[in-house]
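Reading through the structure tokens given below for one structure.
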Amino acid sequence: MVRVMAVGVFDLLHAGHLHYLEQAKALGDHLTVIIAHDDTVRMRKHEPVTSQDLRRRMVAALKPVDHAMVGNPPTVPMYDILPIVEPDIIAIGYDQEHAESAIRAGLDERGFNDIQLVRVGGLTEDLDGTRKIIDKILSLQWAQKRQNELEGDQ
């Protein structure tokens, strides 16, 4: 059995996430998804819109996912989860800004030489990212507000 691990924030679940997980699952037989700990999201990106527990539940419900779990807080090395998951492959999303060479070096340094790193392709949809979705909502909201103001001036 080939075990695949995918990692992400998965805040505001969208088609890009599903595409990433479908591609990750296609790499093997069993897909474990690590959902970023709330403190990790805060430290690296932003305040999470949804809690780590809700994000884990949402991801666990997706068809390609065999198991979903919350990752370590940022005070614990990310590599410490590998003996629990025991992946043969780590799938990296097309837009995840990880330096594959740094991850490979970290894996090798800790004796995880057999784990493959595979970067999966992206989705060509225009709303394939959380930030893109938020921007679109704000744009539509601004356009509606502007339209209401123009109609009020008449």
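The way I read the labels, and the way they are meant: chains A, B, ... in the order of the structure tokens, residue 1 as the first residue of every chain, and ligand 1 as the first ligand shown, with later ones counted on from there.
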
Contact residues around A:His98 with only C-alpha atoms at 12 Å, ignoring same-chain residues under 5 positions, as a ChimeraX atom specification = /A:7-8,90-93,103-104,117-119

What residues in stretch 9-129 of chain A get the DSSP label helix (DSSP H, G or I)? Please answer as a VMD selection string.
-> chain A and resid 15 to 26 38 to 44 52 to 60 78 to 85 100 to 109

Enumerate, in order of chain and increasing residue number, the residues of stretch 70-117 of chain A with an atom no farther than 9 Å from stretch 29-53 of chain A, each with its shortest atom pair and distance in Å to one decimal, counting only C-alpha atoms, as JSON lines.
{"residue": "A:Val70", "atom": "CA", "partner": "A:Ile35", "partner_atom": "CA", "distance": 4.7}
{"residue": "A:Gly71", "atom": "CA", "partner": "A:Ala36", "partner_atom": "CA", "distance": 5.3}
{"residue": "A:Asn72", "atom": "CA", "partner": "A:His37", "partner_atom": "CA", "distance": 6.1}
{"residue": "A:Pro73", "atom": "CA", "partner": "A:His37", "partner_atom": "CA", "distance": 5.5}
{"residue": "A:Pro74", "atom": "CA", "partner": "A:Thr40", "partner_atom": "CA", "distance": 5.2}
{"residue": "A:Thr75", "atom": "CA", "partner": "A:Thr40", "partner_atom": "CA", "distance": 8.8}
{"residue": "A:Val85", "atom": "CA", "partner": "A:Thr32", "partner_atom": "CA", "distance": 7.2}
{"residue": "A:Pro87", "atom": "CA", "partner": "A:Thr32", "partner_atom": "CA", "distance": 8.3}

Same residues, N, CA and C atoms, saved as a tab-separated table (two decimals), in the first residue's frame:
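The file below, out-v9.tsv, is the result:
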chain	number	residue	atom	x	y	z
A	70	VAL	N	-5.24	17.17	12.54
A	70	VAL	CA	-4.65	18.48	12.76
A	70	VAL	C	-3.17	18.30	13.01
A	71	GLY	N	-2.38	19.15	12.38
A	71	GLY	CA	-0.93	19.07	12.53
A	71	GLY	C	-0.43	19.61	13.85
A	72	ASN	N	0.86	19.57	14.02
A	72	ASN	CA	1.51	20.05	15.23
A	72	ASN	C	1.43	21.56	15.33
A	73	PRO	N	1.44	22.09	16.55
A	73	PRO	CA	1.58	23.54	16.70
A	73	PRO	C	2.98	23.95	16.24
A	74	PRO	N	3.18	25.23	15.97
A	74	PRO	CA	4.48	25.67	15.43
A	74	PRO	C	5.66	25.44	16.35
A	75	THR	N	5.42	25.15	17.62
A	75	THR	CA	6.52	24.89	18.56
A	75	THR	C	7.09	23.48	18.41
A	85	VAL	N	2.21	9.24	10.55
A	85	VAL	CA	1.56	9.08	9.24
A	85	VAL	C	2.25	8.00	8.39
A	87	PRO	N	4.25	8.27	5.63
A	87	PRO	CA	3.98	8.41	4.20
A	87	PRO	C	5.12	7.86	3.34

Skipping near chain neighbours, those fewer than 4 positions away, what residues fall within 9 Å of A:Leu62 using only C-alpha atoms, listed as a ChimeraX atom specification?
-> /A:18,21,58,66

May I have the residues from that selection written out with C-alpha atoms, as an mmCIF file, in the first residue's frame?
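Saved result, selection27.cif, follows:
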data_model
loop_
_atom_site.group_PDB
_atom_site.id
_atom_site.type_symbol
_atom_site.label_atom_id
_atom_site.label_comp_id
_atom_site.auth_asym_id
_atom_site.auth_seq_id
_atom_site.Cartn_x
_atom_site.Cartn_y
_atom_site.Cartn_z
ATOM 1 C CA LEU A 18 -10.394 19.421 -3.928
ATOM 2 C CA LEU A 21 -6.446 16.282 -2.819
ATOM 3 C CA MET A 58 -14.629 19.447 6.285
ATOM 4 C CA ASP A 66 -8.925 8.520 3.912
#

Residues flagged strand (DSSP E or B) by DSSP in chain A, as a PyMOL selection string = chain A and resi 3-8+30-35+67-70+89-92+116-119

Serialized selection, N, CA and C atoms, as a tab-separated table (two decimals), in the first residue's frame:
chain	number	residue	atom	x	y	z
A	3	ARG	N	1.23	5.04	0.79
A	3	ARG	CA	0.61	6.04	1.66
A	3	ARG	C	1.07	7.43	1.24
A	4	VAL	N	0.10	8.30	1.01
A	4	VAL	CA	0.36	9.68	0.58
A	4	VAL	C	-0.06	10.63	1.68
A	5	MET	N	0.72	11.68	1.85
A	5	MET	CA	0.39	12.72	2.82
A	5	MET	C	0.30	14.06	2.08
A	6	ALA	N	-0.75	14.81	2.38
A	6	ALA	CA	-0.92	16.16	1.86
A	6	ALA	C	-1.10	17.09	3.06
A	7	VAL	N	-0.63	18.31	2.90
A	7	VAL	CA	-0.65	19.28	4.00
A	7	VAL	C	-1.21	20.60	3.50
A	8	GLY	N	-2.00	21.27	4.34
A	8	GLY	CA	-2.49	22.58	3.96
A	8	GLY	C	-3.30	23.23	5.06
A	30	HIS	N	-3.69	5.35	-0.09
A	30	HIS	CA	-4.25	5.90	1.15
A	30	HIS	C	-3.76	7.34	1.30
A	31	LEU	N	-4.71	8.27	1.49
A	31	LEU	CA	-4.35	9.69	1.62
A	31	LEU	C	-4.66	10.19	3.03
A	32	THR	N	-3.62	10.64	3.71
A	32	THR	CA	-3.76	11.31	4.99
A	32	THR	C	-3.50	12.79	4.76
A	33	VAL	N	-4.42	13.61	5.25
A	33	VAL	CA	-4.29	15.06	5.08
A	33	VAL	C	-4.03	15.69	6.44
A	34	ILE	N	-2.99	16.51	6.49
A	34	ILE	CA	-2.63	17.23	7.71
A	34	ILE	C	-3.16	18.66	7.57
A	35	ILE	N	-4.04	19.04	8.46
A	35	ILE	CA	-4.62	20.38	8.47
A	35	ILE	C	-3.76	21.24	9.39
A	67	HIS	N	-7.99	9.84	5.71
A	67	HIS	CA	-7.81	10.26	7.11
A	67	HIS	C	-7.37	11.72	7.13
A	68	ALA	N	-7.92	12.47	8.07
A	68	ALA	CA	-7.51	13.87	8.23
A	68	ALA	C	-7.21	14.12	9.70
A	69	MET	N	-6.16	14.87	9.93
A	69	MET	CA	-5.78	15.17	11.30
A	69	MET	C	-5.16	16.56	11.38
A	70	VAL	N	-5.24	17.17	12.54
A	70	VAL	CA	-4.65	18.48	12.76
A	70	VAL	C	-3.17	18.30	13.01
A	89	ILE	N	4.90	9.08	0.14
A	89	ILE	CA	4.92	10.26	-0.73
A	89	ILE	C	4.33	11.44	0.03
A	90	ILE	N	4.94	12.60	-0.12
A	90	ILE	CA	4.35	13.85	0.35
A	90	ILE	C	3.98	14.65	-0.90
A	91	ALA	N	2.69	14.94	-1.04
A	91	ALA	CA	2.21	15.72	-2.18
A	91	ALA	C	2.23	17.19	-1.80
A	92	ILE	N	2.87	17.99	-2.64
A	92	ILE	CA	2.97	19.44	-2.41
A	92	ILE	C	2.09	20.13	-3.44
A	116	GLN	N	9.16	10.19	-0.98
A	116	GLN	CA	9.21	10.98	-2.21
A	116	GLN	C	8.45	12.28	-2.02
A	117	LEU	N	8.92	13.33	-2.69
A	117	LEU	CA	8.20	14.60	-2.75
A	117	LEU	C	7.66	14.76	-4.16
A	118	VAL	N	6.37	15.04	-4.27
A	118	VAL	CA	5.75	15.22	-5.59
A	118	VAL	C	4.93	16.50	-5.57
A	119	ARG	N	5.27	17.42	-6.46
A	119	ARG	CA	4.48	18.65	-6.61
A	119	ARG	C	3.38	18.36	-7.61

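Separating atom CA of A:Ile137 from atom CA of A:Leu54 is a distance of 21.8 Å.
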
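Those residues that approach A:Gly111 to within 12 Å, counting only C-alpha atoms, are Tyr79, Asp80, Leu82, Pro83, Arg104, Ala105, Gly106, Leu107, Asp108, Asp114 and Ile115 of chain A; same-chain residues fewer than 3 positions away are not listed.
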
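Shortest separation to A:Gln96 among A:Tyr20, A:Leu12, A:Glu151, A:Leu140 occurs at residue A:Tyr20, atoms counted being only C-alpha atoms.
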
Report the distance between atom CA of A:Met78 and atom CA of A:Gln23 in Å, rounded to one decimal place.
-> 22.3 Å

Which of these, A:Arg146, A:Asp95, A:Asp135, A:Gly122, has the shortest distance to A:Ala15 once you count only C-alpha atoms?
-> A:Gly122
